[in-house]
$ cat protein_13.tsv   # TSV, N, CA and C atoms
chain	number	residue	atom	x	y	z
A	1	GLN	N	4.53	-4.95	-20.41
A	1	GLN	CA	3.67	-3.94	-19.81
A	1	GLN	C	3.51	-4.22	-18.32
A	2	VAL	N	3.76	-3.20	-17.52
A	2	VAL	CA	3.69	-3.35	-16.07
A	2	VAL	C	2.24	-3.27	-15.62
A	3	SER	N	1.86	-4.20	-14.76
A	3	SER	CA	0.52	-4.20	-14.18
A	3	SER	C	0.60	-4.52	-12.71
A	4	LEU	N	-0.05	-3.70	-11.90
A	4	LEU	CA	-0.19	-3.93	-10.47
A	4	LEU	C	-1.68	-4.06	-10.17
A	5	VAL	N	-2.08	-5.18	-9.63
A	5	VAL	CA	-3.50	-5.43	-9.41
A	5	VAL	C	-3.75	-5.66	-7.93
A	6	GLU	N	-4.50	-4.75	-7.33
A	6	GLU	CA	-4.83	-4.86	-5.92
A	6	GLU	C	-6.09	-5.71	-5.73
A	7	SER	N	-6.16	-6.36	-4.59
A	7	SER	CA	-7.36	-7.11	-4.21
A	7	SER	C	-7.43	-7.15	-2.69
A	8	GLY	N	-8.59	-7.56	-2.19
A	8	GLY	CA	-8.77	-7.72	-0.76
A	8	GLY	C	-9.53	-6.61	-0.07
A	9	GLY	N	-9.88	-5.57	-0.82
A	9	GLY	CA	-10.65	-4.49	-0.22
A	9	GLY	C	-12.09	-4.94	0.06
A	10	GLY	N	-12.83	-4.09	0.75
A	10	GLY	CA	-14.21	-4.41	1.04
A	10	GLY	C	-14.73	-3.57	2.19
A	11	LEU	N	-15.85	-4.03	2.73
A	11	LEU	CA	-16.52	-3.33	3.84
A	11	LEU	C	-16.23	-4.09	5.14
A	12	VAL	N	-15.81	-3.36	6.15
A	12	VAL	CA	-15.49	-3.98	7.43
A	12	VAL	C	-15.92	-3.03	8.55
A	13	GLN	N	-16.26	-3.58	9.68
A	13	GLN	CA	-16.64	-2.76	10.84
A	13	GLN	C	-15.39	-2.22	11.52
A	14	ALA	N	-15.56	-1.10	12.18
A	14	ALA	CA	-14.47	-0.52	12.94
A	14	ALA	C	-13.91	-1.54	13.93
A	15	GLY	N	-12.59	-1.58	14.02
A	15	GLY	CA	-11.94	-2.56	14.88
A	15	GLY	C	-11.56	-3.84	14.16
A	16	GLY	N	-12.08	-4.02	12.96
A	16	GLY	CA	-11.80	-5.22	12.20
A	16	GLY	C	-10.50	-5.15	11.43
A	17	SER	N	-10.27	-6.19	10.64
A	17	SER	CA	-9.02	-6.31	9.87
A	17	SER	C	-9.31	-6.66	8.42
A	18	LEU	N	-8.40	-6.26	7.57
A	18	LEU	CA	-8.40	-6.65	6.16
A	18	LEU	C	-6.96	-6.86	5.73
A	19	ARG	N	-6.79	-7.71	4.73
A	19	ARG	CA	-5.47	-7.90	4.15
A	19	ARG	C	-5.54	-7.63	2.65
A	20	LEU	N	-4.82	-6.61	2.23
A	20	LEU	CA	-4.76	-6.27	0.82
A	20	LEU	C	-3.59	-6.99	0.17
A	21	SER	N	-3.78	-7.36	-1.08
A	21	SER	CA	-2.71	-7.96	-1.88
A	21	SER	C	-2.50	-7.14	-3.14
A	22	CYS	N	-1.28	-7.14	-3.62
A	22	CYS	CA	-0.95	-6.47	-4.87
A	22	CYS	C	-0.10	-7.43	-5.69
A	23	ALA	N	-0.70	-7.95	-6.75
A	23	ALA	CA	0.00	-8.89	-7.62
A	23	ALA	C	0.58	-8.14	-8.81
A	24	ALA	N	1.86	-8.32	-9.04
A	24	ALA	CA	2.54	-7.61	-10.13
A	24	ALA	C	2.78	-8.54	-11.31
A	25	SER	N	2.68	-7.97	-12.49
A	25	SER	CA	3.04	-8.69	-13.72
A	25	SER	C	3.75	-7.71	-14.64
A	26	GLY	N	4.59	-8.25	-15.52
A	26	GLY	CA	5.36	-7.39	-16.41
A	26	GLY	C	6.54	-6.75	-15.73
A	27	VAL	N	6.74	-7.05	-14.47
A	27	VAL	CA	7.85	-6.49	-13.70
A	27	VAL	C	8.20	-7.47	-12.59
A	28	THR	N	9.47	-7.55	-12.28
A	28	THR	CA	9.91	-8.38	-11.16
A	28	THR	C	10.10	-7.47	-9.97
A	29	ILE	N	9.24	-7.62	-8.95
A	29	ILE	CA	9.21	-6.62	-7.89
A	29	ILE	C	10.48	-6.59	-7.07
A	30	VAL	N	11.32	-7.62	-7.18
A	30	VAL	CA	12.56	-7.61	-6.42
A	30	VAL	C	13.43	-6.41	-6.82
A	31	SER	N	13.16	-5.86	-7.99
A	31	SER	CA	13.92	-4.71	-8.47
A	31	SER	C	13.33	-3.38	-8.04
A	32	TYR	N	12.22	-3.44	-7.27
A	32	TYR	CA	11.51	-2.22	-6.93
A	32	TYR	C	11.21	-2.12	-5.43
A	33	ALA	N	11.27	-0.91	-4.94
A	33	ALA	CA	10.65	-0.62	-3.66
A	33	ALA	C	9.15	-0.61	-3.89
A	34	MET	N	8.40	-1.11	-2.92
A	34	MET	CA	6.95	-1.21	-3.08
A	34	MET	C	6.26	-0.43	-1.98
A	35	GLY	N	5.08	0.07	-2.31
A	35	GLY	CA	4.38	0.87	-1.32
A	35	GLY	C	2.88	0.77	-1.46
A	36	TRP	N	2.22	1.26	-0.43
A	36	TRP	CA	0.76	1.40	-0.43
A	36	TRP	C	0.42	2.85	-0.11
A	37	PHE	N	-0.51	3.38	-0.87
A	37	PHE	CA	-1.02	4.72	-0.66
A	37	PHE	C	-2.53	4.63	-0.56
A	38	ARG	N	-3.14	5.69	-0.09
A	38	ARG	CA	-4.60	5.74	-0.03
A	38	ARG	C	-5.10	7.12	-0.35
A	39	GLN	N	-6.32	7.16	-0.85
A	39	GLN	CA	-6.93	8.44	-1.20
A	39	GLN	C	-8.40	8.41	-0.85
A	40	ALA	N	-8.78	9.30	0.04
A	40	ALA	CA	-10.18	9.46	0.43
A	40	ALA	C	-10.81	10.52	-0.46
A	41	PRO	N	-12.13	10.50	-0.60
A	41	PRO	CA	-12.81	11.49	-1.44
A	41	PRO	C	-12.48	12.92	-1.03
A	42	GLY	N	-12.08	13.71	-2.00
A	42	GLY	CA	-11.79	15.11	-1.74
A	42	GLY	C	-10.43	15.37	-1.11
A	43	LYS	N	-9.64	14.32	-0.94
A	43	LYS	CA	-8.33	14.48	-0.32
A	43	LYS	C	-7.23	14.04	-1.28
A	44	GLU	N	-6.02	14.47	-0.97
A	44	GLU	CA	-4.88	14.08	-1.78
A	44	GLU	C	-4.47	12.63	-1.46
A	45	ARG	N	-3.76	12.04	-2.40
A	45	ARG	CA	-3.25	10.70	-2.17
A	45	ARG	C	-2.22	10.75	-1.05
A	46	GLU	N	-2.35	9.81	-0.11
A	46	GLU	CA	-1.57	9.82	1.12
A	46	GLU	C	-0.72	8.56	1.23
A	47	PHE	N	0.52	8.73	1.64
A	47	PHE	CA	1.41	7.60	1.86
A	47	PHE	C	0.93	6.78	3.06
A	48	ALA	N	0.91	5.46	2.91
A	48	ALA	CA	0.55	4.58	4.01
A	48	ALA	C	1.73	3.73	4.48
A	49	ALA	N	2.37	3.04	3.53
A	49	ALA	CA	3.45	2.14	3.92
A	49	ALA	C	4.37	1.88	2.73
A	50	ALA	N	5.63	1.57	3.03
A	50	ALA	CA	6.59	1.23	1.99
A	50	ALA	C	7.54	0.17	2.51
A	51	ILE	N	8.10	-0.60	1.58
A	51	ILE	CA	9.01	-1.67	1.95
A	51	ILE	C	10.15	-1.72	0.94
A	52	SER	N	11.34	-1.94	1.43
A	52	SER	CA	12.51	-1.99	0.57
A	52	SER	C	12.53	-3.28	-0.25
A	53	ARG	N	13.44	-3.34	-1.20
A	53	ARG	CA	13.51	-4.49	-2.11
A	53	ARG	C	13.68	-5.81	-1.36
A	54	SER	N	14.50	-5.81	-0.36
A	54	SER	CA	14.75	-7.04	0.39
A	54	SER	C	13.69	-7.31	1.45
A	55	GLY	N	12.91	-6.28	1.76
A	55	GLY	CA	11.94	-6.40	2.85
A	55	GLY	C	12.53	-6.05	4.21
A	56	GLY	N	13.80	-5.68	4.22
A	56	GLY	CA	14.45	-5.41	5.49
A	56	GLY	C	14.10	-4.08	6.12
A	57	ASP	N	13.63	-3.15	5.31
A	57	ASP	CA	13.26	-1.83	5.81
A	57	ASP	C	11.81	-1.54	5.46
A	58	THR	N	11.08	-1.06	6.45
A	58	THR	CA	9.69	-0.68	6.24
A	58	THR	C	9.46	0.71	6.80
A	59	TYR	N	8.51	1.41	6.20
A	59	TYR	CA	8.15	2.77	6.61
A	59	TYR	C	6.63	2.87	6.64
A	60	TYR	N	6.15	3.68	7.58
A	60	TYR	CA	4.70	3.83	7.74
A	60	TYR	C	4.33	5.29	7.94
A	61	GLY	N	3.16	5.64	7.41
A	61	GLY	CA	2.63	6.95	7.69
A	61	GLY	C	2.16	7.01	9.14
A	62	ASP	N	2.17	8.21	9.70
A	62	ASP	CA	1.83	8.37	11.11
A	62	ASP	C	0.42	7.85	11.42
A	63	SER	N	-0.48	8.00	10.48
A	63	SER	CA	-1.88	7.64	10.73
A	63	SER	C	-2.10	6.12	10.77
A	64	VAL	N	-1.16	5.34	10.28
A	64	VAL	CA	-1.34	3.88	10.25
A	64	VAL	C	-0.30	3.14	11.07
A	65	LYS	N	0.69	3.87	11.56
A	65	LYS	CA	1.78	3.23	12.30
A	65	LYS	C	1.25	2.48	13.51
A	66	GLY	N	1.70	1.25	13.68
A	66	GLY	CA	1.27	0.42	14.80
A	66	GLY	C	0.03	-0.41	14.51
A	67	ARG	N	-0.64	-0.13	13.38
A	67	ARG	CA	-1.86	-0.86	13.04
A	67	ARG	C	-1.71	-1.63	11.71
A	68	PHE	N	-0.95	-1.09	10.80
A	68	PHE	CA	-0.77	-1.71	9.47
A	68	PHE	C	0.61	-2.34	9.37
A	69	ILE	N	0.69	-3.42	8.61
A	69	ILE	CA	1.97	-4.09	8.37
A	69	ILE	C	2.11	-4.38	6.89
A	70	ILE	N	3.20	-3.90	6.31
A	70	ILE	CA	3.49	-4.18	4.90
A	70	ILE	C	4.48	-5.33	4.82
A	71	SER	N	4.28	-6.20	3.85
A	71	SER	CA	5.20	-7.31	3.63
A	71	SER	C	5.26	-7.62	2.14
A	72	ARG	N	6.24	-8.41	1.76
A	72	ARG	CA	6.36	-8.76	0.35
A	72	ARG	C	6.84	-10.19	0.20
A	73	ASP	N	6.43	-10.80	-0.90
A	73	ASP	CA	6.90	-12.13	-1.27
A	73	ASP	C	7.45	-12.01	-2.68
A	74	ASN	N	8.76	-11.89	-2.77
A	74	ASN	CA	9.38	-11.67	-4.07
A	74	ASN	C	9.26	-12.88	-4.98
A	75	VAL	N	9.08	-14.06	-4.41
A	75	VAL	CA	8.88	-15.26	-5.23
A	75	VAL	C	7.50	-15.22	-5.88
A	76	LYS	N	6.50	-14.82	-5.12
A	76	LYS	CA	5.14	-14.72	-5.65
A	76	LYS	C	4.91	-13.40	-6.37
A	77	ASN	N	5.91	-12.51	-6.33
A	77	ASN	CA	5.77	-11.20	-6.99
A	77	ASN	C	4.57	-10.43	-6.45
A	78	THR	N	4.39	-10.49	-5.15
A	78	THR	CA	3.20	-9.92	-4.51
A	78	THR	C	3.60	-9.15	-3.26
A	79	VAL	N	2.86	-8.05	-3.03
A	79	VAL	CA	3.03	-7.24	-1.83
A	79	VAL	C	1.72	-7.26	-1.06
A	80	TYR	N	1.81	-7.19	0.24
A	80	TYR	CA	0.63	-7.28	1.09
A	80	TYR	C	0.56	-6.08	2.04
A	81	LEU	N	-0.64	-5.78	2.47
A	81	LEU	CA	-0.85	-4.79	3.51
A	81	LEU	C	-1.87	-5.37	4.49
A	82	GLN	N	-1.40	-5.75	5.66
A	82	GLN	CA	-2.28	-6.22	6.72
A	82	GLN	C	-2.75	-5.02	7.51
A	83	MET	N	-4.04	-4.83	7.55
A	83	MET	CA	-4.62	-3.66	8.21
A	83	MET	C	-5.43	-4.13	9.41
A	84	ASN	N	-5.02	-3.72	10.58
A	84	ASN	CA	-5.69	-4.10	11.83
A	84	ASN	C	-6.27	-2.89	12.53
A	85	SER	N	-7.16	-3.14	13.46
A	85	SER	CA	-7.78	-2.06	14.25
A	85	SER	C	-8.26	-0.93	13.34
A	86	LEU	N	-8.99	-1.31	12.33
A	86	LEU	CA	-9.42	-0.33	11.34
A	86	LEU	C	-10.39	0.69	11.93
A	87	LYS	N	-10.27	1.92	11.43
A	87	LYS	CA	-11.10	3.03	11.88
A	87	LYS	C	-11.88	3.59	10.69
A	88	PRO	N	-12.98	4.25	10.94
A	88	PRO	CA	-13.74	4.86	9.83
A	88	PRO	C	-12.87	5.80	8.98
A	89	GLU	N	-11.92	6.47	9.60
A	89	GLU	CA	-11.05	7.38	8.85
A	89	GLU	C	-10.05	6.65	7.95
A	90	ASP	N	-9.99	5.34	8.02
A	90	ASP	CA	-9.17	4.57	7.09
A	90	ASP	C	-9.89	4.33	5.77
A	91	THR	N	-11.15	4.72	5.70
A	91	THR	CA	-11.92	4.55	4.47
A	91	THR	C	-11.28	5.32	3.33
A	92	ALA	N	-10.97	4.62	2.25
A	92	ALA	CA	-10.28	5.23	1.11
A	92	ALA	C	-10.11	4.19	0.01
A	93	VAL	N	-9.68	4.66	-1.14
A	93	VAL	CA	-9.18	3.75	-2.17
A	93	VAL	C	-7.70	3.54	-1.89
A	94	TYR	N	-7.30	2.29	-1.86
A	94	TYR	CA	-5.90	1.95	-1.57
A	94	TYR	C	-5.20	1.54	-2.85
A	95	TYR	N	-4.03	2.15	-3.07
A	95	TYR	CA	-3.27	1.94	-4.29
A	95	TYR	C	-1.92	1.30	-3.97
A	96	CYS	N	-1.55	0.35	-4.80
A	96	CYS	CA	-0.23	-0.25	-4.75
A	96	CYS	C	0.71	0.55	-5.66
A	97	ALA	N	1.97	0.62	-5.27
A	97	ALA	CA	2.94	1.39	-6.05
A	97	ALA	C	4.27	0.65	-6.11
A	98	ALA	N	4.95	0.80	-7.24
A	98	ALA	CA	6.28	0.24	-7.42
A	98	ALA	C	7.21	1.34	-7.91
A	99	ASP	N	8.35	1.46	-7.26
A	99	ASP	CA	9.28	2.54	-7.61
A	99	ASP	C	10.69	2.02	-7.71
A	100	SER	N	11.42	2.53	-8.70
A	100	SER	CA	12.80	2.09	-8.91
A	100	SER	C	13.78	2.75	-7.95
A	101	GLY	N	13.32	3.72	-7.19
A	101	GLY	CA	14.18	4.38	-6.21
A	101	GLY	C	14.16	3.66	-4.88
A	102	ALA	N	14.69	4.31	-3.87
A	102	ALA	CA	14.71	3.73	-2.53
A	102	ALA	C	13.32	3.79	-1.91
A	103	ALA	N	13.05	2.89	-0.99
A	103	ALA	CA	11.73	2.84	-0.35
A	103	ALA	C	11.43	4.16	0.35
A	104	LEU	N	12.45	4.79	0.91
A	104	LEU	CA	12.23	6.05	1.62
A	104	LEU	C	11.66	7.13	0.71
A	105	VAL	N	11.98	7.06	-0.58
A	105	VAL	CA	11.48	8.04	-1.53
A	105	VAL	C	9.95	7.99	-1.61
A	106	LEU	N	9.38	6.83	-1.40
A	106	LEU	CA	7.92	6.68	-1.47
A	106	LEU	C	7.23	7.44	-0.35
A	107	THR	N	7.95	7.81	0.70
A	107	THR	CA	7.34	8.52	1.82
A	107	THR	C	7.24	10.03	1.56
A	108	SER	N	7.81	10.48	0.47
A	108	SER	CA	7.85	11.91	0.20
A	108	SER	C	6.49	12.43	-0.25
A	109	THR	N	6.34	13.74	-0.14
A	109	THR	CA	5.11	14.43	-0.54
A	109	THR	C	5.44	15.39	-1.68
A	110	PRO	N	4.62	15.49	-2.73
A	110	PRO	CA	3.40	14.73	-2.96
A	110	PRO	C	3.69	13.28	-3.34
A	111	ALA	N	2.65	12.47	-3.31
A	111	ALA	CA	2.81	11.05	-3.61
A	111	ALA	C	3.37	10.88	-5.02
A	112	ARG	N	4.36	9.99	-5.13
A	112	ARG	CA	4.95	9.73	-6.43
A	112	ARG	C	5.43	8.30	-6.49
A	113	SER	N	5.36	7.73	-7.68
A	113	SER	CA	5.89	6.39	-7.90
A	113	SER	C	5.99	6.17	-9.40
A	114	ASP	N	6.83	5.21	-9.79
A	114	ASP	CA	6.95	4.89	-11.21
A	114	ASP	C	5.69	4.21	-11.75
A	115	TYR	N	5.10	3.34	-10.93
A	115	TYR	CA	3.95	2.58	-11.38
A	115	TYR	C	2.88	2.55	-10.28
A	116	TRP	N	1.63	2.54	-10.72
A	116	TRP	CA	0.48	2.51	-9.81
A	116	TRP	C	-0.49	1.41	-10.21
A	117	GLY	N	-1.16	0.83	-9.22
A	117	GLY	CA	-2.28	-0.05	-9.49
A	117	GLY	C	-3.54	0.76	-9.69
A	118	GLN	N	-4.65	0.06	-9.93
A	118	GLN	CA	-5.91	0.75	-10.21
A	118	GLN	C	-6.68	1.07	-8.94
A	119	GLY	N	-6.26	0.48	-7.83
A	119	GLY	CA	-6.88	0.78	-6.54
A	119	GLY	C	-7.95	-0.22	-6.13
A	120	THR	N	-8.12	-0.35	-4.83
A	120	THR	CA	-9.18	-1.18	-4.26
A	120	THR	C	-9.83	-0.41	-3.12
A	121	GLN	N	-11.15	-0.45	-3.07
A	121	GLN	CA	-11.90	0.34	-2.09
A	121	GLN	C	-11.92	-0.37	-0.73
A	122	VAL	N	-11.61	0.39	0.30
A	122	VAL	CA	-11.75	-0.08	1.67
A	122	VAL	C	-12.72	0.85	2.38
A	123	THR	N	-13.77	0.29	2.94
A	123	THR	CA	-14.76	1.07	3.66
A	123	THR	C	-14.90	0.52	5.07
A	124	VAL	N	-14.73	1.39	6.05
A	124	VAL	CA	-14.81	1.00	7.45
A	124	VAL	C	-16.03	1.68	8.06
A	125	SER	N	-16.97	0.88	8.52
A	125	SER	CA	-18.19	1.43	9.12
A	125	SER	C	-18.03	1.58	10.62
A	126	SER	N	-18.72	2.57	11.15
A	126	SER	CA	-18.60	2.84	12.60
A	126	SER	C	-19.64	2.07	13.38
$ encode --input "protein_13.tsv" --output "structure tokens"
Amino acid sequence: QVSLVESGGGLVQAGGSLRLSCAASGVTIVSYAMGWFRQAPGKEREFAAAISRSGGDTYYGDSVKGRFIISRDNVKNTVYLQMNSLKPEDTAVYYCAADSGAALVLTSTPARSDYWGQGTQVTVSS
């Protein structure tokens, strides 16, 4: 059974940083493109970042480009999202995703993936 468990969310002031982790079990992430999505109340799930199986290719949504960094450790079976210069509009539930397709596919709309985590809340105060 595939399980993706996010951690690292919380409350932070604008301008601060957080690092999210996504620990996978029941699946070896080296076989999957991995991504992070977010969903604010009343809004659709939005693509944030994706990374290819090897980690050689990364993609970012326009709203987070230059501030967020996605990385992966295939040995630890974990994906990370370093979030810097956080803004109140970054407030959302952040979801980890694993997909058997190419990482670029994770950037498509509407949001889609083979597997999803349960999400972790990130709240940025002004």
$ residues_around --input "protein_13.tsv" --residues "Tyr59 of chain A" --least-positions-apart "6" --cutoff "10 Å" --atoms "only C-alpha atoms" --output "PyMOL selection string"
chain A and resi 35+47-52+65+69-70+103-104+106-107
$ closest_residue --input "protein_13.tsv" --among "A:Val105, A:Val27, A:Leu20, A:Val124" --to "Val79 of chain A" --atoms "only N, CA and C atoms"
A:Leu20
$ residues_around --input "protein_13.tsv" --residues "Arg38 of chain A" --least-positions-apart "3" --cutoff "8 Å" --atoms "all atoms listed in the file" --output "ChimeraX atom specification"
/A:35,41,43-49,90-96
$ residues_around --input "protein_13.tsv" --residues "Gly16 of chain A" --least-positions-apart "2" --cutoff "10 Å" --atoms "only C-alpha atoms" --output "list in words"
Leu11, Val12, Gln13, Ala14, Leu18, Met83, Asn84, Ser85, Leu86, Lys87, Val124 and Ser125 of chain A
$ select_by_dssp --input "protein_13.tsv" --residues "chain A" --states "strand (DSSP E or B)" --output "MDAnalysis selection string"
chainID A and resid 3:7 10:13 18:25 33:39 46:51 58:60 68:73 78:83 92:99 115:116 120:125
$ closest_residue --input "protein_13.tsv" --among "A:Ser113, A:Ser63, A:Gln82, A:Gln1" --to "Ala98 of chain A" --atoms "only N, CA and C atoms"
A:Ser113
$ axis_aligned_box --input "protein_13.tsv" --around "segment 101-107 of chain A" --padding-each-side "8 Å" --output "JSON"
{"center_x": 11.0, "center_y": 6.4, "center_z": -2.7, "size_x": 23.5, "size_y": 23.2, "size_z": 25.0}
$ atom_distance --input "protein_13.tsv" --atom1 "atom CA of Ile29 of chain A" --atom2 "atom CA of Gly101 of chain A"
12.2 Å
$ residues_around --input "protein_13.tsv" --residues "Gly26 of chain A" --least-positions-apart "4" --cutoff "8 Å" --atoms "all atoms listed in the file" --output "list in words"
Gln1, Val2, Ser3 and Leu4 of chain A
$ atom_distance --input "protein_13.tsv" --atom1 "atom C of Trp116 of chain A" --atom2 "atom C of Ala33 of chain A"
11.7 Å
